[in-house]
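Working notes, structure below.
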Amino acid sequence: MRFLPTGEQSDFARTLRGLLDASQVPAAVRAWGAGDHGPGRALWSRLAGTGLCALAADEAHGDLGGLGPLPVELALGFVELGRAGVPGPVVETAAAAVLLSELARLGEEGPAKRFLPGLVAGEALATLTLPGGGPYALDADAAAYCFTVSAAGGLRLAGGGEGGPLRSTDPARRLSRPAPDGEPLATGPRVLAAARTALDWARLLTAAQCLGVGEALLASTVRYVKQRTQFGTPIGGFQAVKHRLADTLLALEFARPLVWAAALGLTPWEVAAAKLAAGEAAYAAAMTALQLHGAVGYTEELDLSLWLRKARPLRDAWGSPSACREAVLGELKG
Amino acid sequence: MRFLPTGEQSDFARTLRGLLDASQVPAAVRAWGAGDHGPGRALWSRLAGTGLCALAADEAHGDLGGLGPLPVELALGFVELGRAGVPGPVVETAAAAVLLSELARLGEEGPAKRFLPGLVAGEALATLTLPGGGPYALDADAAAYCFTVSAAGGLRLAGGGEGGPLRSTDPARRLSRPAPDGEPLATGPRVLAAARTALDWARLLTAAQCLGVGEALLASTVRYVKQRTQFGTPIGGFQAVKHRLADTLLALEFARPLVWAAALGLTPWEVAAAKLAAGEAAYAAAMTALQLHGAVGYTEELDLSLWLRKARPLRDAWGSPSACREAVLGELKG
Amino acid sequence: MDLTHAPEVAAFRAEARAWLAAHVPDSPLPSLETAEGFAAHRAWEARLHADRWSAVSWPAEYGGRGVDIERWLVFEEEYWAAGAPGRVSQNGISLLAPTLFDHGSAEQRARVLPPMASGEVIWAQAWSEPESGSDLASLRSRAVRTGGGWLLSGQKTWSSRAAFADRAFGIFRTDPQAPKPHQGLTYLMFDLRAPGVTVRPIGRLDGKPAFAELFLDEVFVPDADVIGEPGQGWRIAMSTTGNERGLTLRSPGRFLAAAQRLRALWRAEGDPADTAARDRVADAVVGARAYELFTWAAASRFAAGERIGAESSLNKVFWSEYDIALHETALDLLGPDAELAEGAWAEPWVFSLAGPIYAGTNEIQRDIIAERLLGLPKGRR
Amino acid sequence: MDLTHAPEVAAFRAEARAWLAAHVPDSPLPSLETAEGFAAHRAWEARLHADRWSAVSWPAEYGGRGVDIERWLVFEEEYWAAGAPGRVSQNGISLLAPTLFDHGSAEQRARVLPPMASGEVIWAQAWSEPESGSDLASLRSRAVRTGGGWLLSGQKTWSSRAAFADRAFGIFRTDPQAPKPHQGLTYLMFDLRAPGVTVRPIGRLDGKPAFAELFLDEVFVPDADVIGEPGQGWRIAMSTTGNERGLTLRSPGRFLAAAQRLRALWRAEGDPADTAARDRVADAVVGARAYELFTWAAASRFAAGERIGAESSLNKVFWSEYDIALHETALDLLGPDAELAEGAWAEPWVFSLAGPIYAGTNEIQRDIIAERLLGLPKGRR
C-alpha cells in the first residue's frame, strides 16, 4: 500500500509537463480551432515520443510498439494534457489503441497490426465511436482513422462523416456523425468486449483530462485574483472569493484520488465515479474562473477561454454525470 | 391588479403579530413539548378570538360561524403563526374546518354542524389524515378530534391511535397512526372531493407557516451576528456570513409571492410550488441559523432551537419537496 | 390582494398578442452579435416602432403608448411568449432613456428618443474601464473643456453592442481635482463614428463580438450632449445603474418563455421516468413563476408610489443564477447534442453565463443585500 | 502507486474482523449521550481494551498493538463495517493521547493512557469559553500558581461528554501579562469531580446532554498534571487541534459504513425509478470512496515522513458537509418516517449537523485553505 505516484510515475508526468510548458500549446489550440491542425499534430508527435501512446497498447505484441497497458501512467499523463489544454482527439487516439490492442489480445490481430504501430508512434491520430458512447466522433477531420463499433459488434473504418463536421461550443472540437458504412475490420463478441474496455479507458482518460483542466483553471484564477485590485485591494482578499476558490480546490483534490484508483483498478464503477467527480469539479472550476475573472474572462482573447470552453464538453464526453451515477450504482446493486 | 396585501389584510396580520408578541409563545412551545398542552390551547383560543379559524370555514353556513373561505387572510395569518412558532395541530385544525365546511357545501352537512362551531370558536383543536398526506396524525393526543379520510372516501372520527404517540425530532410535535376504525361520519365521492380541497389548504398553510419560520430564523440570526464578536469584530461583518444571510433572504423573498399567489388561486400546482419554495427556504434558513450561531445554536437552551427543529418536519409535512415537484409538472403536462 | 388584470389591460394584451402573431418573423433572426443579424434586428426595431410597440411605456410624443408598468409587463410577457427577436435597442431603451427622462432636457429627449425607438440609432453603453469593473468610482477617462463642448480621451471597455452600434453614453472625469473619486464626473453622449474614436470589437466566449473596447482621443462632444449638470455624472449614473439592476433589464416574460421552452424540450427529449431531470425542470417552472410574482409585487409597490431600491439586488442575483441553471438543465436534457454550437440552446447558454458578472457582480449584489436590506456591517470595499 | 495491502495487513484485518464478529453487540447500545448509554459504552471500551483493540496504534506498554497508520485505518474500516458502537473514549484517545505522546512525560503516559483505553477514565475536552469559539486565543479562564500546583478559575463551555465524563483537559491563562494573547497559556488536565468544579450539562438540539458548561472555582491541579512547559499551552493545543481536524477524528470507515447503510436503505425504501434519489445515493457512495482514497493518499504521505498540515482543513470541510448530505438523503428516502425521533437515522442526522461547527468552523477552515494552500491574502481575523 502506497497510494501515491511512484518516483518514476512522477518523473514521467514531470517530463510531459516540461515538454508541454515549452510547446506554446495555446497557440496550437487556437490554430486547431481555426482548422489548422499542423501545430497540434506536431505536438502530438512530440508527446508520442515520450512513449505516451504506447502506454495504452499491450506490450505482449512487442512488434507493435506497445509498452502497456499502463493506465496509471497514462492517466497521470492525461492530467498533464488537460492542464496544458492539448487539442485534438487525444483520448480517442488512446482509446483506439486500447481497442485494437485488446482485440489483438483476444485473438483478432489484423486491425492491430495494420493500425497500431502508426498510432503508438504518434504518426497518426484516430477517433472513434463506441456502443455506450455518444453518436459523434471528435475531430474526424483531423484524424487519420475514424473507427466505429456498432451495437451489434461490427468494427469498421468509417469513411467521411455524413455532412461536414459540426462546430462545438469549444471551437477546438469538431464533431461528426460517422457514416454507418465503411470498411469492415472485425466483428463479433470479441469486438464488443474490446469496445467495453476501450470505453472504460476513454472515460478514465477524460476524467484525468478534466482534472488537469480544472487545475489549470484554478491556478490561473488564483494568479489573477492576487493581482487584480478593486476598491484598493486585491480581490483575492475578499472572503467570498477565497471561499469559492477553496471549494474549487476541495472538489479537485477529492476527485484526484478517484482518478488514481480508477486507473489502478479499471473497474467500471470506479471509472464512472472518477469521471463524475472530475468532470463536475472541472466544470465548477470553469464557472468559478469565469466569475472571478469577470468580464475579461468572458472573452475569447484571454487564453483562459481555451480551458473554460473545454470544461463543459469534457464533463459530458464519454459519460455524462447522470450516466456515471447510474453506472456507480448499477454495478453495486445487490 | 394589486399584488400586495390590502390594508385590511395587513392590519389582520399585524393584529395577530401583536397578540403573539405578547403571548410568550416560546414558553408555550416548551410546555407543549413537555406534554403540557394548557398554554398552547389557551393561545389557540386567543388566536381563534381574532376570527382566524373562521376564515377556513364557508360563511354560507352562517350559523356555524364561518367567515370564509378567505385563504389569503388565513395564509397571511399562518405566516405569523410560523414566525411566532405557535405549537400544535394548527394547520390540521384549519384543514379539518375546510374539510367539514367543504363537505357541507357539497350537501353533507351533518359533520359540519356537529364539529365546526367548536373548531371555529377555538374551543377545540383537531387533527387529521388525508389521502395523499402522510400516515401520521399530528398531536392527536392534544386534539379533541382526529378525523381520518380513507383512500376509498370514508370519513371517520378516529379513536385512540395504535400505540402511544411517537416522538418527532421536534419535541413540540407528536405523531400517531390513527386506528383505521372509529365512528363513520360520511362516505363517498363528496368526501374525497372535500379531502382534496383540505389537502391543498393544509399544504398552503404549511407553506405559509414555513415562510414565517424562515423569517424568524433569519431575523434571530441577523440580530446574533451583529452582536457576536470574534477576532475583535462582529461576525456579521465577514463576507461569508453576509452572503449566506443574503441568500437566506433571497430564498424567502422569492417564496413569499408564491405563497400569496397560491392563496389567491388555490390551484394545486401553485400550492405545490409555494410549499416547495417555502419549505426549502425555511430549512435552508435553519441550516444557516445553526451554522452562524455556532455551538450555542446547537443547544436546546436557546429559543432559536424551537424554530430550528420545526423547519425540517414542516418542509416535509403535507408534501415533500419531491412530491411538490411532481405536482408542479403533473398538472402542467401537455 | 389581486392578480387579475382590469378589462382595459386584458384588451391591451389582446392587441399586443394579435400584432405580434401577425408580425413576429417565422424563423429566428440571425444572431444580433453579427453584422448581418444586427441589421436584421435593426429592421425589426423599425417594424416595432412603426406601430408604436418599440417603447410602449414612453409618452406618445416620442413614439410610445404611455402605458403604465402593469401594461409594460404584460407587453413583455406577450413579446417573449411570441418568440419575438431580442432587442438590439435595449441598451438605449432601458439604460439611457430613463436617464433622459429623469435628467435630460426636453431638447435632448426630442432629438434622441425617436431614432432610438426606431432602431435608426443604436446605443452602446460605455461604463467600464480596464481597471474599473466593479469599482466604477475609480474611472480615469476624462473630458476636458473646449470651446462649446468637451474633448473625451481615454479607454472604455465591455461596451455592449459597440461593435455595430452608432452612439454611446457614459461618464467621464471632468474635474480631476475633485476631493473624492465619485465627484467631478460628467454624463455624456458621443458618436461612435466621430473622429478620434477607435472601436475594437472583443469576441465573447463563443467568438461573437458582443462588446468592444473604445479608444478615445480628443473626441469632441458638444455641450448639447451633456446630460444634467457637469460634475453630477456619478449621481445620474447611479440612477441608471439602479435601472439596469432592477425591473427593466430582465422582464419576467423572458424567463416565463424560457421555462416554457424548457418544458417543451423536456417533453420532447426527456425521459419521463427521470425524476432527476423532472425536478430540475420543475424548479425552472417554479423559479419563473416566482420571478414573475416577485415582479408583480414590486410593480404594485412601484405603482403605489414606493421606490424600488436595494431590493433590485435580490432581483439581479435571482434572475442571473436562475438563467444559468435553466440553460444548464436544457444542455443536460440534450445529451451529446448539447455541445453543438448551432443548437438552439448553445448561444443562450453562453449569454446566460455573463449574468452574474455584468450590471454589478453578484458578489457586490450580495454585499448590498446584506448591508442595505439586512443592516449588516459594511465590509471593506 | 498501489492500493493493495501486504499479506500481514490482510491477516491483521482478518483478525480484527473475526474479533468484532464475535464481540460486537447484536443490538445497538443506548445513546452514549444518556447516563445508561454512557455506562454501556464504557463497558464496551473495557471489552475492547481487554483484547487490546481499544487503541491499536498505541505501543503495547499502554495497551495498544503499536500498529502503523495503514493498519489503524484498516481497523477502523472493520470496526465501523461491523456496526460496532460509537467510541465514548474518543476525546481522550484522539485529542489528549497524541498530545501526551508528543508533549507529555513518561510518568503521565503511564498513568493516564491505560485507564483511558479501558474506559475507566473518560475524558472531556475543555477548549471553548462563552466568548471564545473560533477565536481560541482570546481565552480568559486562568490558572494561578499555588503550592505544588495551580488553581483553575473561570468558565469553559461546549465540553463534549463532560456531562458524564471523569476528567478533562484544556488550556488556561497562566500569565495574564504576556504581550500577545497566544502567549502565557498552559495545558492542564483536571478532575471533573474535584472540589470547585460545577458541571452543568447542556442539551443538544435533540435534548441529549452531549456537552456541558464547566464552572471552575479555584480547582487545584497538581504540577504533575501540567502537560509540557507552563506558557506553552497554545503551541501544544494547536498540535492537538491539528489532530482533531485531521485524520484521527473521522476515519473513512465511518463514512464507508454509513454509505453502505444508505445504499441498503435505498434498496429497501427507494423507488428504483426515482433517479433523483438514485443520484444522491450515488453521490454518497462516490463521496465515501473519495474520502477513503484521499485518506489513503494522506496516510501514504504520512508514512513516507511528510507532515499533514493545512490539508486537514480540506478533510474537515469535506467530511462534515458530506455527512450532512448523506443523512439528509436518508431522511428524504424515509418519507414521513424521517421525523421519528427513534428512527435509526434521526440521532445520527442531528449529530451530523454539528460537523461544520466544531473543531474549527467551516468558515475558518475555508479561510485556512485559501490562505495556506492557495496563498491568497490574509483577511481580517
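FYI, nothing fancy with the C-alpha cells labels: chains A, B, ... in order, residues from 1 per chain, ligands from 1 as they appear.
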
Kindly determine which residues of chain C lie within 6 Å of chain A, considering only C-alpha atoms, and give the answer as a PyMOL selection string.
chain C and resi 135+203-205+336+339-341+357+381

Any chance you can output those residues with all heavy atoms as a PDB file, in the first residue's frame?
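Written file, again_14.pdb:
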```pdb
ATOM      1  N   ASP C 135     -15.607  48.592  -9.461  1.00  0.00           N
ATOM      2  CA  ASP C 135     -15.253  49.806  -8.730  1.00  0.00           C
ATOM      3  C   ASP C 135     -15.363  51.006  -9.661  1.00  0.00           C
ATOM      4  O   ASP C 135     -14.373  51.596 -10.074  1.00  0.00           O
ATOM      5  CB  ASP C 135     -13.818  49.617  -8.222  1.00  0.00           C
ATOM      6  CG  ASP C 135     -13.341  50.774  -7.356  1.00  0.00           C
ATOM      7  OD1 ASP C 135     -14.161  51.646  -7.010  1.00  0.00           O
ATOM      8  OD2 ASP C 135     -12.141  50.787  -7.040  1.00  0.00           O
ATOM      9  N   GLY C 203     -14.221  39.554 -28.886  1.00  0.00           N
ATOM     10  CA  GLY C 203     -15.002  38.328 -29.032  1.00  0.00           C
ATOM     11  C   GLY C 203     -15.405  37.785 -27.678  1.00  0.00           C
ATOM     12  O   GLY C 203     -14.604  37.714 -26.754  1.00  0.00           O
ATOM     13  N   ARG C 204     -16.661  37.422 -27.583  1.00  0.00           N
ATOM     14  CA  ARG C 204     -17.189  36.739 -26.410  1.00  0.00           C
ATOM     15  C   ARG C 204     -16.649  35.309 -26.407  1.00  0.00           C
ATOM     16  O   ARG C 204     -15.980  34.889 -27.358  1.00  0.00           O
ATOM     17  CB  ARG C 204     -18.716  36.743 -26.582  1.00  0.00           C
ATOM     18  CG  ARG C 204     -19.530  36.390 -25.394  1.00  0.00           C
ATOM     19  CD  ARG C 204     -20.981  36.777 -25.666  1.00  0.00           C
ATOM     20  NE  ARG C 204     -21.573  35.984 -26.750  1.00  0.00           N
ATOM     21  CZ  ARG C 204     -22.850  36.068 -27.107  1.00  0.00           C
ATOM     22  NH1 ARG C 204     -23.672  36.902 -26.482  1.00  0.00           N
ATOM     23  NH2 ARG C 204     -23.309  35.344 -28.085  1.00  0.00           N
ATOM     24  N   LEU C 205     -16.977  34.527 -25.393  1.00  0.00           N
ATOM     25  CA  LEU C 205     -16.504  33.134 -25.335  1.00  0.00           C
ATOM     26  C   LEU C 205     -16.853  32.371 -26.603  1.00  0.00           C
ATOM     27  O   LEU C 205     -16.111  31.496 -27.027  1.00  0.00           O
ATOM     28  CB  LEU C 205     -17.123  32.411 -24.131  1.00  0.00           C
ATOM     29  CG  LEU C 205     -16.439  32.648 -22.787  1.00  0.00           C
ATOM     30  CD1 LEU C 205     -17.171  31.878 -21.706  1.00  0.00           C
ATOM     31  CD2 LEU C 205     -14.974  32.238 -22.829  1.00  0.00           C
ATOM     32  N   PRO C 336     -25.660  14.412 -25.883  1.00  0.00           N
ATOM     33  CA  PRO C 336     -24.494  14.699 -26.727  1.00  0.00           C
ATOM     34  C   PRO C 336     -24.711  15.894 -27.665  1.00  0.00           C
ATOM     35  O   PRO C 336     -23.736  16.482 -28.123  1.00  0.00           O
ATOM     36  CB  PRO C 336     -24.306  13.413 -27.539  1.00  0.00           C
ATOM     37  CG  PRO C 336     -25.098  12.370 -26.833  1.00  0.00           C
ATOM     38  CD  PRO C 336     -26.185  13.060 -26.086  1.00  0.00           C
ATOM     39  N   GLU C 339     -23.461  20.166 -26.969  1.00  0.00           N
ATOM     40  CA  GLU C 339     -22.298  20.990 -27.290  1.00  0.00           C
ATOM     41  C   GLU C 339     -22.312  21.534 -28.715  1.00  0.00           C
ATOM     42  O   GLU C 339     -21.391  22.251 -29.098  1.00  0.00           O
ATOM     43  CB  GLU C 339     -20.992  20.230 -26.983  1.00  0.00           C
ATOM     44  CG  GLU C 339     -20.602  19.164 -27.963  1.00  0.00           C
ATOM     45  CD  GLU C 339     -19.146  18.689 -27.741  1.00  0.00           C
ATOM     46  OE1 GLU C 339     -18.201  19.441 -27.999  1.00  0.00           O
ATOM     47  OE2 GLU C 339     -18.999  17.544 -27.304  1.00  0.00           O
ATOM     48  N   LEU C 340     -23.338  21.235 -29.482  1.00  0.00           N
ATOM     49  CA  LEU C 340     -23.384  21.753 -30.856  1.00  0.00           C
ATOM     50  C   LEU C 340     -23.586  23.265 -30.835  1.00  0.00           C
ATOM     51  O   LEU C 340     -24.574  23.768 -30.295  1.00  0.00           O
ATOM     52  CB  LEU C 340     -24.507  21.083 -31.646  1.00  0.00           C
ATOM     53  CG  LEU C 340     -24.362  19.559 -31.816  1.00  0.00           C
ATOM     54  CD1 LEU C 340     -25.539  19.002 -32.606  1.00  0.00           C
ATOM     55  CD2 LEU C 340     -23.039  19.206 -32.491  1.00  0.00           C
ATOM     56  N   ALA C 341     -22.651  23.973 -31.456  1.00  0.00           N
ATOM     57  CA  ALA C 341     -22.697  25.431 -31.396  1.00  0.00           C
ATOM     58  C   ALA C 341     -23.953  25.985 -32.050  1.00  0.00           C
ATOM     59  O   ALA C 341     -24.438  27.054 -31.687  1.00  0.00           O
ATOM     60  CB  ALA C 341     -21.447  26.018 -32.061  1.00  0.00           C
ATOM     61  N   ILE C 357     -22.031  38.412 -13.789  1.00  0.00           N
ATOM     62  CA  ILE C 357     -20.884  39.327 -13.860  1.00  0.00           C
ATOM     63  C   ILE C 357     -21.327  40.764 -14.110  1.00  0.00           C
ATOM     64  O   ILE C 357     -20.910  41.685 -13.418  1.00  0.00           O
ATOM     65  CB  ILE C 357     -19.917  38.884 -14.987  1.00  0.00           C
ATOM     66  CG1 ILE C 357     -19.341  37.500 -14.680  1.00  0.00           C
ATOM     67  CG2 ILE C 357     -18.810  39.921 -15.172  1.00  0.00           C
ATOM     68  CD1 ILE C 357     -18.567  36.893 -15.830  1.00  0.00           C
ATOM     69  N   ARG C 381     -14.617  47.778   1.065  1.00  0.00           N
ATOM     70  CA  ARG C 381     -14.930  47.760  -0.352  1.00  0.00           C
ATOM     71  C   ARG C 381     -14.495  49.056  -0.963  1.00  0.00           C
ATOM     72  O   ARG C 381     -14.489  50.093  -0.290  1.00  0.00           O
ATOM     73  CB  ARG C 381     -16.417  47.526  -0.599  1.00  0.00           C
ATOM     74  CG  ARG C 381     -16.607  46.452  -1.644  1.00  0.00           C
ATOM     75  CD  ARG C 381     -18.030  46.307  -2.106  1.00  0.00           C
ATOM     76  NE  ARG C 381     -19.015  46.515  -1.095  1.00  0.00           N
ATOM     77  CZ  ARG C 381     -19.999  47.397  -1.238  1.00  0.00           C
ATOM     78  NH1 ARG C 381     -20.095  48.127  -2.301  1.00  0.00           N
ATOM     79  NH2 ARG C 381     -20.886  47.522  -0.290  1.00  0.00           N
TER      80      ARG C 381
END
```

With only C-alpha atoms as the counted atoms, please give the residues lying no more than 8 Å from Thr248 in chain A, apart from itself and same-chain residues fewer than 3 positions off, as a ChimeraX atom specification.
/A:218,244-245,251-252,281,284-285,288

Kindly save the residues from that selection, with C-alpha atoms included, as a PDB file, in the first residue's frame.
```
ATOM      1  CA  LEU A 218      -7.799  27.147 -10.610  1.00  0.00           C
ATOM      2  CA  ARG A 244     -15.139  29.990  -3.730  1.00  0.00           C
ATOM      3  CA  LEU A 245     -11.558  29.108  -4.628  1.00  0.00           C
ATOM      4  CA  ALA A 251     -13.514  19.380  -5.362  1.00  0.00           C
ATOM      5  CA  LEU A 252     -10.364  18.820  -7.397  1.00  0.00           C
ATOM      6  CA  ALA A 281     -15.046  19.594 -10.435  1.00  0.00           C
ATOM      7  CA  ALA A 284     -17.327  24.092 -11.382  1.00  0.00           C
ATOM      8  CA  ALA A 285     -13.748  25.338 -11.653  1.00  0.00           C
ATOM      9  CA  THR A 288     -15.558  29.967 -10.724  1.00  0.00           C
TER      10      THR A 288
END
```

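If you measure from each of A:Arg190, A:Lys242, A:Arg177, A:Ala261 to chain B using only C-alpha atoms, the closest one turns out to be A:Lys242.
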
9 Å contact set for range 266-280 of chain D, only C-alpha atoms, chain neighbours under 2 positions out, as a list in words:
Ser322, Arg325, Glu326, Leu329, Lys333 and Gly334 of chain A; Ser322 of chain B; Ala273, Asp274, Thr275, Ala276, Ala277, Arg278 and Asp279 of chain C; Arg261, Leu262, Arg263, Ala264, Ala282, Asp283, Ala284, Val285, Ala325, Leu326, Thr329, Ala330, Asp332, Leu333 and Leu334 of chain D

Within 12 Å of Ala297 in chain D, counting only C-alpha atoms, which residues qualify if same-chain residues fewer than 6 places away don't, as a list in words?
Met1, Arg2, Phe3, Leu4, Pro5, Glu253, Phe254, Arg256, Pro257, Leu258, Trp260 and Ala261 of chain A; Met1, Asp2, Leu3, Ile69, Glu70, Leu73, Leu247, Ala290, Tyr291, Ala303, Ala304, Glu306, Ile308 and Glu311 of chain D

Would you export the selected residues with N, CA and C atoms as a PDB file, in the first residue's frame, please?
```
ATOM      1  N   MET A   1       0.841  -1.202   0.000  1.00  0.00           N
ATOM      2  CA  MET A   1       0.000   0.000   0.000  1.00  0.00           C
ATOM      3  C   MET A   1       0.872   1.246   0.000  1.00  0.00           C
ATOM      4  N   ARG A   2       0.877   1.918  -1.096  1.00  0.00           N
ATOM      5  CA  ARG A   2       1.495   3.246  -1.137  1.00  0.00           C
ATOM      6  C   ARG A   2       0.733   3.988  -2.220  1.00  0.00           C
ATOM      7  N   PHE A   3      -0.315   4.681  -1.776  1.00  0.00           N
ATOM      8  CA  PHE A   3      -1.257   5.258  -2.729  1.00  0.00           C
ATOM      9  C   PHE A   3      -0.782   6.643  -3.151  1.00  0.00           C
ATOM     10  N   LEU A   4       0.352   6.637  -3.792  1.00  0.00           N
ATOM     11  CA  LEU A   4       0.954   7.853  -4.327  1.00  0.00           C
ATOM     12  C   LEU A   4       1.684   7.457  -5.600  1.00  0.00           C
ATOM     13  N   PRO A   5       1.842   8.381  -6.528  1.00  0.00           N
ATOM     14  CA  PRO A   5       2.633   8.040  -7.715  1.00  0.00           C
ATOM     15  C   PRO A   5       4.044   7.641  -7.278  1.00  0.00           C
ATOM     16  N   GLU A 253      -9.252  18.199  -5.342  1.00  0.00           N
ATOM     17  CA  GLU A 253      -8.395  17.325  -4.532  1.00  0.00           C
ATOM     18  C   GLU A 253      -9.092  16.039  -4.119  1.00  0.00           C
ATOM     19  N   PHE A 254     -10.413  16.065  -4.058  1.00  0.00           N
ATOM     20  CA  PHE A 254     -11.125  14.817  -3.762  1.00  0.00           C
ATOM     21  C   PHE A 254     -11.446  14.030  -5.031  1.00  0.00           C
ATOM     22  N   ARG A 256      -9.118  13.808  -7.434  1.00  0.00           N
ATOM     23  CA  ARG A 256      -7.820  13.243  -7.835  1.00  0.00           C
ATOM     24  C   ARG A 256      -7.648  11.772  -7.406  1.00  0.00           C
ATOM     25  N   PRO A 257      -7.824  11.448  -6.127  1.00  0.00           N
ATOM     26  CA  PRO A 257      -7.606  10.038  -5.762  1.00  0.00           C
ATOM     27  C   PRO A 257      -8.605   9.095  -6.421  1.00  0.00           C
ATOM     28  N   LEU A 258      -9.787   9.597  -6.773  1.00  0.00           N
ATOM     29  CA  LEU A 258     -10.733   8.738  -7.510  1.00  0.00           C
ATOM     30  C   LEU A 258     -10.170   8.402  -8.893  1.00  0.00           C
ATOM     31  N   TRP A 260      -6.970   8.317  -9.661  1.00  0.00           N
ATOM     32  CA  TRP A 260      -5.877   7.366  -9.452  1.00  0.00           C
ATOM     33  C   TRP A 260      -6.415   5.949  -9.260  1.00  0.00           C
ATOM     34  N   ALA A 261      -7.395   5.819  -8.389  1.00  0.00           N
ATOM     35  CA  ALA A 261      -7.906   4.477  -8.084  1.00  0.00           C
ATOM     36  C   ALA A 261      -8.571   3.863  -9.305  1.00  0.00           C
TER      37      ALA A 261
ATOM     38  N   MET D   1       2.337   3.274  -7.578  1.00  0.00           N
ATOM     39  CA  MET D   1       1.041   3.515  -6.944  1.00  0.00           C
ATOM     40  C   MET D   1       0.353   2.183  -6.686  1.00  0.00           C
ATOM     41  N   ASP D   2      -0.166   2.046  -5.508  1.00  0.00           N
ATOM     42  CA  ASP D   2      -0.602   0.715  -5.086  1.00  0.00           C
ATOM     43  C   ASP D   2      -1.683   0.864  -4.028  1.00  0.00           C
ATOM     44  N   LEU D   3      -2.769   0.125  -4.179  1.00  0.00           N
ATOM     45  CA  LEU D   3      -3.858   0.182  -3.190  1.00  0.00           C
ATOM     46  C   LEU D   3      -4.065  -1.152  -2.497  1.00  0.00           C
ATOM     47  N   ILE D  69      -0.192   3.462  10.551  1.00  0.00           N
ATOM     48  CA  ILE D  69      -1.416   4.157  10.154  1.00  0.00           C
ATOM     49  C   ILE D  69      -2.238   3.318   9.181  1.00  0.00           C
ATOM     50  N   GLU D  70      -1.578   2.529   8.371  1.00  0.00           N
ATOM     51  CA  GLU D  70      -2.308   1.674   7.424  1.00  0.00           C
ATOM     52  C   GLU D  70      -3.205   0.693   8.179  1.00  0.00           C
ATOM     53  N   LEU D  73      -6.146   2.403   9.923  1.00  0.00           N
ATOM     54  CA  LEU D  73      -7.268   2.687   9.020  1.00  0.00           C
ATOM     55  C   LEU D  73      -8.024   1.413   8.670  1.00  0.00           C
ATOM     56  N   LEU D 247      -6.694  13.548  10.333  1.00  0.00           N
ATOM     57  CA  LEU D 247      -7.023  12.159  10.096  1.00  0.00           C
ATOM     58  C   LEU D 247      -7.791  11.507  11.219  1.00  0.00           C
ATOM     59  N   ALA D 290     -14.223   8.593  -2.209  1.00  0.00           N
ATOM     60  CA  ALA D 290     -13.266   9.694  -2.385  1.00  0.00           C
ATOM     61  C   ALA D 290     -12.579  10.011  -1.067  1.00  0.00           C
ATOM     62  N   TYR D 291     -13.366  10.026  -0.007  1.00  0.00           N
ATOM     63  CA  TYR D 291     -12.789  10.341   1.304  1.00  0.00           C
ATOM     64  C   TYR D 291     -11.819   9.242   1.735  1.00  0.00           C
ATOM     65  N   ALA D 303       3.153   8.164   6.082  1.00  0.00           N
ATOM     66  CA  ALA D 303       4.052   7.028   6.278  1.00  0.00           C
ATOM     67  C   ALA D 303       5.415   7.311   5.656  1.00  0.00           C
ATOM     68  N   ALA D 304       5.415   8.130   4.617  1.00  0.00           N
ATOM     69  CA  ALA D 304       6.684   8.467   3.962  1.00  0.00           C
ATOM     70  C   ALA D 304       7.397   9.605   4.682  1.00  0.00           C
ATOM     71  N   GLU D 306       6.119  12.674   5.524  1.00  0.00           N
ATOM     72  CA  GLU D 306       5.622  14.042   5.361  1.00  0.00           C
ATOM     73  C   GLU D 306       4.707  14.418   6.517  1.00  0.00           C
ATOM     74  N   ILE D 308       1.230  16.301   7.701  1.00  0.00           N
ATOM     75  CA  ILE D 308      -0.056  16.728   7.147  1.00  0.00           C
ATOM     76  C   ILE D 308      -0.393  18.055   7.812  1.00  0.00           C
ATOM     77  N   GLU D 311      -3.760  20.756   4.772  1.00  0.00           N
ATOM     78  CA  GLU D 311      -4.637  19.850   4.018  1.00  0.00           C
ATOM     79  C   GLU D 311      -5.744  19.299   4.904  1.00  0.00           C
TER      80      GLU D 311
END
```

What lies within 6 Å of Phe147 in chain B using only C-alpha atoms, ignoring chain neighbours under 4 positions off, as number ranges by chain?
B: 128, 156-158

At a cut-off of 12 Å, using only C-alpha atoms, what residues contact Glu92 in chain A? Leave out same-chain residues fewer than 2 positions from it and give the result as JSON, numbers by chain.
{"A": [53, 56, 78, 87, 88, 89, 90, 94, 95, 96, 97, 98, 99, 119, 124, 125, 126, 127, 128, 129, 130, 133, 136, 137, 138, 139, 140, 142, 143, 144, 145, 146, 147, 148, 198, 199, 200, 201, 202, 203, 204, 205, 206, 317, 318]}

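Residue nearest chain B, chosen from A:Gly122, A:Glu59, A:Pro26, A:His243 and counting only C-alpha atoms: A:His243.
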
Please compute the CA of Ala195 in chain A-CA of Leu266 in chain A distance, one decimal, in Å.
14.0 Å

Contacts of Ala143 in chain C within 9 Å, only C-alpha atoms, excl. fewer than 2 positions in-chain, as an MDAnalysis selection string
chainID C and resid 141 145 150:154 172:175 185:186 218:219 221
